[in-house]
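Enquirer: File name start.cif; file contents mmCIF, C-alpha atoms and all ligand atoms; full text below.
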data_structure
loop_
_atom_site.label_atom_id
_atom_site.label_comp_id
_atom_site.auth_asym_id
_atom_site.auth_seq_id
_atom_site.Cartn_x
_atom_site.Cartn_y
_atom_site.Cartn_z
CA MET A 217 0.00 0.00 0.00
CA LYS A 218 1.23 3.46 -0.90
CA ARG A 219 0.55 6.77 0.80
CA TYR A 220 -0.17 10.10 -0.94
CA VAL A 221 -0.48 13.55 0.60
CA ILE A 222 -3.23 15.67 -0.95
CA GLY A 223 -3.42 19.40 -0.26
CA ILE A 224 -6.49 21.43 -1.21
CA THR A 225 -6.38 25.25 -1.19
CA GLY A 226 -8.79 28.05 -1.99
CA ALA A 227 -8.17 28.33 -5.73
CA SER A 228 -10.98 27.54 -8.13
CA GLY A 229 -10.96 23.92 -9.32
CA SER A 230 -11.97 21.96 -6.19
CA ILE A 231 -13.46 19.35 -8.54
CA TYR A 232 -9.91 18.23 -9.41
CA GLY A 233 -9.08 17.65 -5.75
CA LYS A 234 -12.39 15.85 -5.21
CA ARG A 235 -11.85 13.53 -8.17
CA ILE A 236 -8.26 12.73 -7.18
CA ILE A 237 -9.32 11.75 -3.65
CA GLU A 238 -12.01 9.50 -5.20
CA GLU A 239 -9.57 7.90 -7.64
CA ILE A 240 -6.84 7.26 -5.04
CA SER A 241 -9.49 5.70 -2.80
CA LYS A 242 -10.40 3.26 -5.58
CA THR A 243 -6.77 2.06 -5.76
CA GLY A 244 -6.78 1.01 -2.09
CA ASN A 245 -3.91 3.40 -1.36
CA GLU A 246 -3.88 5.76 1.60
CA THR A 247 -4.53 9.53 1.47
CA GLU A 248 -3.22 12.04 3.99
CA LEU A 249 -5.49 15.02 3.37
CA VAL A 250 -4.89 18.62 4.43
CA PHE A 251 -6.87 21.65 3.33
CA THR A 252 -6.80 25.38 4.03
CA LYS A 253 -9.80 27.27 5.40
CA ASN A 254 -10.48 28.79 1.98
CA GLY A 255 -9.86 25.37 0.43
CA LYS A 256 -12.77 23.99 2.48
CA ASP A 257 -15.00 27.00 1.72
CA VAL A 258 -14.35 26.99 -2.05
CA PHE A 259 -14.79 23.18 -2.13
CA LEU A 260 -18.27 23.60 -0.63
CA TYR A 261 -19.12 26.53 -2.91
CA GLU A 262 -17.98 24.84 -6.13
CA THR A 263 -18.88 21.18 -5.56
CA GLY A 264 -21.76 21.45 -3.07
CA TYR A 265 -19.93 19.03 -0.73
CA ASP A 266 -18.55 19.66 2.72
CA ILE A 267 -15.08 18.16 2.36
CA GLU A 268 -15.23 16.32 5.70
CA ASN A 269 -18.66 14.79 5.02
CA PHE A 270 -17.46 13.84 1.55
CA THR A 271 -14.38 11.99 2.88
CA ASP A 272 -16.44 10.39 5.71
CA GLU A 273 -18.73 8.84 3.08
CA LEU A 274 -15.74 7.49 1.13
CA CYS A 275 -14.25 6.03 4.34
CA LYS A 276 -17.55 4.26 5.08
CA ASN A 277 -17.04 2.52 1.73
CA GLY A 278 -13.50 1.44 2.59
CA ALA A 279 -11.35 4.43 1.60
CA LYS A 280 -8.30 5.11 3.77
CA ILE A 281 -8.27 8.88 4.27
CA ASN A 282 -6.73 10.67 7.22
CA ILE A 283 -7.64 14.35 7.66
CA ASN A 284 -4.89 16.56 9.09
CA SER A 285 -5.54 20.05 10.47
CA ASN A 286 -3.66 22.73 8.54
CA ASN A 287 -2.72 24.29 11.91
CA ASP A 288 -1.23 21.07 13.30
CA LEU A 289 2.50 21.22 12.74
CA PHE A 290 2.85 18.16 15.02
CA SER A 291 1.13 16.08 12.34
CA SER A 292 3.04 13.11 10.83
CA ILE A 293 3.28 14.70 7.37
CA ALA A 294 5.21 17.64 8.84
CA SER A 295 8.23 15.34 9.22
CA GLY A 296 10.52 13.87 6.59
CA SER A 297 10.71 10.66 8.64
CA TYR A 298 7.08 9.88 7.73
CA LYS A 299 7.13 8.10 4.39
CA PHE A 300 4.86 8.97 1.49
CA GLU A 301 5.16 8.64 -2.28
CA ALA A 302 4.18 12.09 -3.43
CA MET A 303 2.32 15.23 -2.46
CA ILE A 304 -0.24 16.79 -4.80
CA ILE A 305 -1.59 20.29 -4.13
CA VAL A 306 -4.77 20.49 -6.16
CA PRO A 307 -5.96 23.13 -6.74
CA CYS A 308 -3.09 25.37 -5.60
CA SER A 309 -3.79 29.07 -4.99
CA MET A 310 -1.24 31.70 -5.92
CA GLY A 311 -0.95 32.55 -2.21
CA THR A 312 0.05 29.03 -1.14
CA LEU A 313 2.26 28.68 -4.22
CA ALA A 314 4.11 31.88 -3.27
CA LYS A 315 4.65 30.75 0.31
CA ILE A 316 6.03 27.35 -0.73
CA SER A 317 8.29 28.92 -3.33
CA TYR A 318 9.89 31.05 -0.58
CA GLY A 319 10.11 28.21 1.96
CA ILE A 320 7.57 29.77 4.35
CA SER A 321 6.37 26.74 6.33
CA ASP A 322 3.88 28.28 8.74
CA SER A 323 0.98 25.94 7.88
CA LEU A 324 0.86 22.16 7.47
CA ILE A 325 0.31 22.33 3.69
CA CYS A 326 3.36 24.57 3.25
CA ARG A 327 5.50 22.55 5.69
CA ALA A 328 4.55 19.21 4.05
CA ALA A 329 5.41 20.67 0.62
CA ASP A 330 8.75 21.92 2.00
CA VAL A 331 9.43 18.43 3.41
CA THR A 332 8.51 16.81 0.07
CA LEU A 333 11.05 19.00 -1.73
CA LYS A 334 13.85 18.53 0.82
CA GLU A 335 13.35 14.75 0.78
CA LYS A 336 13.48 14.85 -3.04
CA ARG A 337 10.05 13.25 -3.26
CA LYS A 338 7.57 14.22 -5.92
CA LEU A 339 5.72 17.49 -5.32
CA ILE A 340 2.97 18.09 -7.88
CA ILE A 341 1.44 21.55 -7.94
CA VAL A 342 -1.76 22.22 -9.86
CA PRO A 343 -1.85 26.02 -9.93
CA ARG A 344 -4.98 27.85 -10.94
CA GLU A 345 -5.18 31.50 -11.87
CA THR A 346 -5.68 33.44 -15.07
CA PRO A 347 -4.16 35.60 -16.37
CA LEU A 348 -0.82 34.94 -14.66
CA SER A 349 1.26 37.86 -13.37
CA GLU A 350 5.05 37.97 -13.51
CA ILE A 351 5.05 37.23 -9.76
CA HIS A 352 3.02 34.03 -10.28
CA ILE A 353 5.26 32.91 -13.14
CA GLU A 354 8.47 33.61 -11.18
CA ASN A 355 7.17 31.66 -8.20
CA MET A 356 6.33 28.70 -10.45
CA LEU A 357 9.78 28.86 -12.03
CA ARG A 358 11.42 28.85 -8.60
CA LEU A 359 9.38 25.80 -7.59
CA SER A 360 10.10 23.99 -10.85
CA ARG A 361 13.83 24.60 -10.34
CA ALA A 362 13.52 23.22 -6.80
CA GLY A 363 12.13 19.98 -8.25
CA ALA A 364 8.35 20.46 -8.18
CA VAL A 365 6.23 19.38 -11.15
CA ILE A 366 3.82 22.11 -12.22
CA ILE A 367 0.67 20.76 -13.88
CA PRO A 368 -1.78 23.54 -14.72
CA PRO A 369 -5.30 22.20 -15.28
CA VAL A 370 -5.06 22.65 -19.05
CA PRO A 371 -6.89 19.85 -20.90
CA SER A 372 -5.98 18.49 -24.32
CA PHE A 373 -8.72 18.25 -26.92
CA TYR A 374 -7.30 15.59 -29.25
CA GLY A 375 -9.17 12.97 -27.20
CA ARG A 376 -12.36 14.79 -28.32
CA PRO A 377 -13.95 15.30 -24.90
CA SER A 378 -17.72 15.67 -24.99
CA THR A 379 -18.53 16.37 -21.34
CA VAL A 380 -17.12 18.45 -18.48
CA GLU A 381 -16.34 15.11 -16.80
CA ASP A 382 -14.15 14.11 -19.78
CA ILE A 383 -12.29 17.42 -19.54
CA VAL A 384 -11.76 17.07 -15.78
CA ASN A 385 -10.67 13.42 -16.14
CA ASN A 386 -8.05 14.41 -18.70
CA THR A 387 -6.26 16.57 -16.12
CA VAL A 388 -6.91 14.18 -13.21
CA GLY A 389 -5.40 11.31 -15.22
CA ARG A 390 -2.30 13.32 -16.11
CA ILE A 391 -1.77 14.36 -12.48
CA MET A 392 -2.18 10.76 -11.27
CA TYR A 393 0.19 9.42 -13.90
CA SER A 394 2.79 11.98 -12.83
CA ALA A 395 2.36 10.78 -9.23
CA GLY A 396 3.03 7.20 -10.39
CA ILE A 397 -0.60 6.01 -10.27
CA GLU A 398 -1.60 4.12 -13.42
CA ASN A 399 -5.05 5.00 -14.71
CA LYS A 400 -7.21 5.04 -17.82
CA LEU A 401 -8.76 8.46 -17.31
CA TYR A 402 -7.32 10.03 -20.43
CA THR A 403 -6.58 9.00 -23.97
CA GLU A 404 -2.92 8.66 -24.86
CA TRP A 405 -1.89 10.07 -28.20
CA GLY A 406 -1.41 7.12 -30.55
CA GLU A 407 -3.56 4.81 -28.40
CA LYS A 408 -5.58 2.37 -30.51
C1 LIG B 501 -14.69 31.29 -5.17
C2 LIG B 501 -13.23 31.67 -5.07
C3 LIG B 501 -12.39 31.32 -6.09
C4 LIG B 501 -11.03 31.64 -6.01
N1 LIG B 501 -10.20 31.27 -7.04
C5 LIG B 501 -8.88 31.50 -6.93
C6 LIG B 501 -8.01 31.02 -7.95
O1 LIG B 501 -8.40 30.41 -8.94
N2 LIG B 501 -6.68 31.19 -7.77
C7 LIG B 501 -6.16 31.84 -6.66
O2 LIG B 501 -4.95 31.96 -6.56
N3 LIG B 501 -6.99 32.33 -5.70
C8 LIG B 501 -8.32 32.18 -5.80
N4 LIG B 501 -9.16 32.62 -4.82
C9 LIG B 501 -8.59 33.41 -3.71
C10 LIG B 501 -7.97 32.53 -2.63
O3 LIG B 501 -8.97 31.72 -2.03
C11 LIG B 501 -7.31 33.43 -1.58
O4 LIG B 501 -6.19 34.11 -2.14
C12 LIG B 501 -6.89 32.69 -0.34
O5 LIG B 501 -6.24 33.58 0.56
C13 LIG B 501 -5.98 31.54 -0.67
O6 LIG B 501 -5.56 31.00 0.57
P1 LIG B 501 -5.15 29.49 0.72
O7 LIG B 501 -4.03 29.24 -0.23
O8 LIG B 501 -4.70 29.44 2.16
O9 LIG B 501 -6.36 28.66 0.46
C14 LIG B 501 -10.52 32.34 -4.88
C15 LIG B 501 -11.40 32.70 -3.85
C16 LIG B 501 -12.74 32.38 -3.95
C17 LIG B 501 -13.67 32.78 -2.82
#
Using structure tokens, write down the structure that the file contains.
Expert:
Amino acid sequence: MKRYVIGITGASGSIYGKRIIEEISKTGNETELVFTKNGKDVFLYETGYDIENFTDELCKNGAKININSNNDLFSSIASGSYKFEAMIIVPCSMGTLAKISYGISDSLICRAADVTLKEKRKLIIVPRETPLSEIHIENMLRLSRAGAVIIPPVPSFYGRPSTVEDIVNNTVGRIMYSAGIENKLYTEWGEK
């Protein structure tokens, strides 16, 4: 069994975080979940689900999800000695992205991301903002140079998506593949 850290912040695009939690749960792997206050509020606003009720329901059906408070810097994921495969911040606000890019570890999400980078584990950031300012782009560049993988939620259209679900799955599949989780959520170019 593998363990993944999922961070959810207050950028638009909570649906991506929701779908990734669902998909990891289907694999039988474990999720360490942490969300910001605005992450919880935007999740409710955009998906109609309270994030804790949503994960409770998944756990009743066998999912292994542990919720960590973003204020709890004593949490296991705040330490490099606690093993996990990868951390995915999805969606990632420009505020959280900026803090991580400057090594400001004053919340659990930022500290866990800092730990992921220092341990040379995979940190996947799914930033969401448009248009992007020079500050946003510089912060992403700094994170990319530090080893993070930046996956903006930008779908491809050569798979000819016909629903919003297809479009969301395209990005979810790419994020999961980058985290080392095989899936069939998107069409590979050249796939028969
Ligand atoms: C409905 C809604 C949508 C938002 N969308 C974005 C967004 O796409 N990108 C972003 O950087 N901030 C967005 N924000 C603003 C962030 O929530 C805000 O900057 C917050 O302080 C981020 O804090 P956090 O990273 O701790 O969640 C949005 C806010 C609301 C209420």
Enquirer: Identify which of the residues A:Asp257, A:Glu407, A:Glu239, A:Glu273 lies closest to ligand LIG 501 (chain B), counting all atoms listed in the file when measuring atom-to-atom distances.
Expert: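 Of the candidates, the smallest distance to ligand LIG 501 (chain B) is held by A:Asp257.
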Enquirer: Can you work out the spacing between atom CA of A:Leu348 and atom C12 of ligand LIG 501 (chain B) in Å, to one decimal?
Expert: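 Computing the Euclidean distance for atom CA of A:Leu348 and atom C12 of ligand LIG 501 (chain B) yields 15.7 Å.
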Enquirer: Using all atoms listed in the file, find each residue in chain A having at least one atom no more than 12 Å away from ligand LIG 501 (chain B); report its shortest atom-to-atom pair and that distance in Å (one decimal), rows by chain then rising number, as JSON lines.
Expert:
{"residue": "A:Gly223", "atom": "CA", "partner": "B:LIG501", "partner_atom": "O9", "distance": 9.7}
{"residue": "A:Ile224", "atom": "CA", "partner": "B:LIG501", "partner_atom": "O9", "distance": 7.4}
{"residue": "A:Thr225", "atom": "CA", "partner": "B:LIG501", "partner_atom": "O9", "distance": 3.8}
{"residue": "A:Gly226", "atom": "CA", "partner": "B:LIG501", "partner_atom": "O9", "distance": 3.5}
{"residue": "A:Ala227", "atom": "CA", "partner": "B:LIG501", "partner_atom": "C5", "distance": 3.5}
{"residue": "A:Ser228", "atom": "CA", "partner": "B:LIG501", "partner_atom": "O1", "distance": 3.9}
{"residue": "A:Gly229", "atom": "CA", "partner": "B:LIG501", "partner_atom": "O1", "distance": 7.0}
{"residue": "A:Ser230", "atom": "CA", "partner": "B:LIG501", "partner_atom": "C3", "distance": 9.4}
{"residue": "A:Val250", "atom": "CA", "partner": "B:LIG501", "partner_atom": "O9", "distance": 10.9}
{"residue": "A:Phe251", "atom": "CA", "partner": "B:LIG501", "partner_atom": "O9", "distance": 7.6}
{"residue": "A:Thr252", "atom": "CA", "partner": "B:LIG501", "partner_atom": "O9", "distance": 4.9}
{"residue": "A:Lys253", "atom": "CA", "partner": "B:LIG501", "partner_atom": "O9", "distance": 6.2}
{"residue": "A:Asn254", "atom": "CA", "partner": "B:LIG501", "partner_atom": "O9", "distance": 4.4}
{"residue": "A:Gly255", "atom": "CA", "partner": "B:LIG501", "partner_atom": "O9", "distance": 4.8}
{"residue": "A:Lys256", "atom": "CA", "partner": "B:LIG501", "partner_atom": "O9", "distance": 8.2}
{"residue": "A:Asp257", "atom": "CA", "partner": "B:LIG501", "partner_atom": "C17", "distance": 7.5}
{"residue": "A:Val258", "atom": "CA", "partner": "B:LIG501", "partner_atom": "C1", "distance": 5.3}
{"residue": "A:Phe259", "atom": "CA", "partner": "B:LIG501", "partner_atom": "C1", "distance": 8.7}
{"residue": "A:Leu260", "atom": "CA", "partner": "B:LIG501", "partner_atom": "C1", "distance": 9.6}
{"residue": "A:Tyr261", "atom": "CA", "partner": "B:LIG501", "partner_atom": "C1", "distance": 6.9}
{"residue": "A:Glu262", "atom": "CA", "partner": "B:LIG501", "partner_atom": "C1", "distance": 7.3}
{"residue": "A:Thr263", "atom": "CA", "partner": "B:LIG501", "partner_atom": "C1", "distance": 11.0}
{"residue": "A:Asn286", "atom": "CA", "partner": "B:LIG501", "partner_atom": "O8", "distance": 9.3}
{"residue": "A:Asn287", "atom": "CA", "partner": "B:LIG501", "partner_atom": "O8", "distance": 11.2}
{"residue": "A:Ile305", "atom": "CA", "partner": "B:LIG501", "partner_atom": "O7", "distance": 10.1}
{"residue": "A:Val306", "atom": "CA", "partner": "B:LIG501", "partner_atom": "O7", "distance": 10.6}
{"residue": "A:Pro307", "atom": "CA", "partner": "B:LIG501", "partner_atom": "O1", "distance": 8.0}
{"residue": "A:Cys308", "atom": "CA", "partner": "B:LIG501", "partner_atom": "O7", "distance": 6.7}
{"residue": "A:Ser309", "atom": "CA", "partner": "B:LIG501", "partner_atom": "O2", "distance": 3.5}
{"residue": "A:Met310", "atom": "CA", "partner": "B:LIG501", "partner_atom": "O2", "distance": 3.8}
{"residue": "A:Gly311", "atom": "CA", "partner": "B:LIG501", "partner_atom": "O7", "distance": 4.9}
{"residue": "A:Thr312", "atom": "CA", "partner": "B:LIG501", "partner_atom": "O7", "distance": 4.2}
{"residue": "A:Leu313", "atom": "CA", "partner": "B:LIG501", "partner_atom": "O7", "distance": 7.5}
{"residue": "A:Ala314", "atom": "CA", "partner": "B:LIG501", "partner_atom": "O7", "distance": 9.1}
{"residue": "A:Lys315", "atom": "CA", "partner": "B:LIG501", "partner_atom": "O7", "distance": 8.8}
{"residue": "A:Ile316", "atom": "CA", "partner": "B:LIG501", "partner_atom": "O7", "distance": 10.2}
{"residue": "A:Asp322", "atom": "CA", "partner": "B:LIG501", "partner_atom": "O8", "distance": 10.9}
{"residue": "A:Ser323", "atom": "CA", "partner": "B:LIG501", "partner_atom": "O8", "distance": 8.8}
{"residue": "A:Leu324", "atom": "CA", "partner": "B:LIG501", "partner_atom": "O8", "distance": 10.6}
{"residue": "A:Ile325", "atom": "CA", "partner": "B:LIG501", "partner_atom": "O8", "distance": 8.8}
{"residue": "A:Cys326", "atom": "CA", "partner": "B:LIG501", "partner_atom": "O7", "distance": 9.4}
{"residue": "A:Val342", "atom": "CA", "partner": "B:LIG501", "partner_atom": "N2", "distance": 10.4}
{"residue": "A:Pro343", "atom": "CA", "partner": "B:LIG501", "partner_atom": "N2", "distance": 7.4}
{"residue": "A:Arg344", "atom": "CA", "partner": "B:LIG501", "partner_atom": "O1", "distance": 4.7}
{"residue": "A:Glu345", "atom": "CA", "partner": "B:LIG501", "partner_atom": "N2", "distance": 4.4}
{"residue": "A:Thr346", "atom": "CA", "partner": "B:LIG501", "partner_atom": "O1", "distance": 7.4}
{"residue": "A:Pro347", "atom": "CA", "partner": "B:LIG501", "partner_atom": "N2", "distance": 10.0}
{"residue": "A:Leu348", "atom": "CA", "partner": "B:LIG501", "partner_atom": "O2", "distance": 9.6}
{"residue": "A:Ser349", "atom": "CA", "partner": "B:LIG501", "partner_atom": "O2", "distance": 10.9}
{"residue": "A:Ile351", "atom": "CA", "partner": "B:LIG501", "partner_atom": "O2", "distance": 11.7}
{"residue": "A:His352", "atom": "CA", "partner": "B:LIG501", "partner_atom": "O2", "distance": 9.0}
{"residue": "A:Pro368", "atom": "CA", "partner": "B:LIG501", "partner_atom": "O1", "distance": 11.2}
{"residue": "A:Pro369", "atom": "CA", "partner": "B:LIG501", "partner_atom": "O1", "distance": 10.8}
Enquirer: Suppose you want the space between atom CA of A:Asp266 and atom CA of A:Lys218; what is it in Å?
Expert: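 Between atom CA of A:Asp266 and atom CA of A:Lys218 the gap is 25.8 Å.
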Enquirer: For A:Tyr374, which of A:Asn355, A:Thr403, A:Thr387, A:Ser394 is the closest residue, counting all atoms listed in the file?
Expert: A:Thr403
Enquirer: Using only C-alpha atoms - which residues lie no farther than 8 Å from the point (-6.1, 7.8, -16.4) in the file's frame? Write them as a PDB file with C-alpha atoms, keeping the file's coordinate frame.
Expert:
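Saved as part.pdb:
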ATOM      1  CA  ASN A 385     -10.670  13.420 -16.140  1.00  0.00           C
ATOM      2  CA  ASN A 386      -8.050  14.410 -18.700  1.00  0.00           C
ATOM      3  CA  VAL A 388      -6.910  14.180 -13.210  1.00  0.00           C
ATOM      4  CA  GLY A 389      -5.400  11.310 -15.220  1.00  0.00           C
ATOM      5  CA  ARG A 390      -2.300  13.320 -16.110  1.00  0.00           C
ATOM      6  CA  MET A 392      -2.180  10.760 -11.270  1.00  0.00           C
ATOM      7  CA  TYR A 393       0.190   9.420 -13.900  1.00  0.00           C
ATOM      8  CA  GLU A 398      -1.600   4.120 -13.420  1.00  0.00           C
ATOM      9  CA  ASN A 399      -5.050   5.000 -14.710  1.00  0.00           C
ATOM     10  CA  LYS A 400      -7.210   5.040 -17.820  1.00  0.00           C
ATOM     11  CA  LEU A 401      -8.760   8.460 -17.310  1.00  0.00           C
ATOM     12  CA  TYR A 402      -7.320  10.030 -20.430  1.00  0.00           C
ATOM     13  CA  THR A 403      -6.580   9.000 -23.970  1.00  0.00           C
TER      14      THR A 403
END
Enquirer: For a quick check of understanding, using all atoms listed in the file, which of A:Ile240, A:Val365, A:Met303, A:Ile397 has the smallest distance to A:Ile222?
Expert: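 Of A:Ile240, A:Val365, A:Met303, A:Ile397, the one nearest A:Ile222, counting all atoms listed in the file, is A:Met303.
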Enquirer: Find the distance between atom CA of A:Ser321 and atom CA of A:Ser291 and write it in Å to one decimal.
Expert: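 Between these atoms lies a distance of 13.3 Å.
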Enquirer: I need the residue nearest A:Gly278 from this list: A:Gly244, A:Gly296, A:Gly264, A:Gly233. Use all atoms listed in the file for the distance.
Expert: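 Nearest to A:Gly278: A:Gly244.
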Enquirer: Once 4 Å is added on each side, what are the centre and the three edge lengths, in Å to one decimal, of the axis-aligned box enclosing the listed atoms of stretch 259-268 of chain A? Present them as AutoDock Vina command-line options.
Expert:
--center_x -18.3 --center_y 21.4 --center_z -0.2 --size_x 15.0 --size_y 18.2 --size_z 19.8
Enquirer: Of the candidates A:Cys275, A:Leu357, A:Ile293, A:Val221, which shows the shortest atom-to-atom distance to A:Ile340, using only C-alpha atoms?
Expert: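 Selected residue with least distance to A:Ile340: A:Val221.
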Enquirer: Between A:Glu381, A:Glu238, A:Asp330, A:Glu268, which residue has the minimum interatomic distance to A:Ser285, considering all atoms listed in the file?
Expert: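 The shortest atom-to-atom distance to A:Ser285 comes from A:Glu268.
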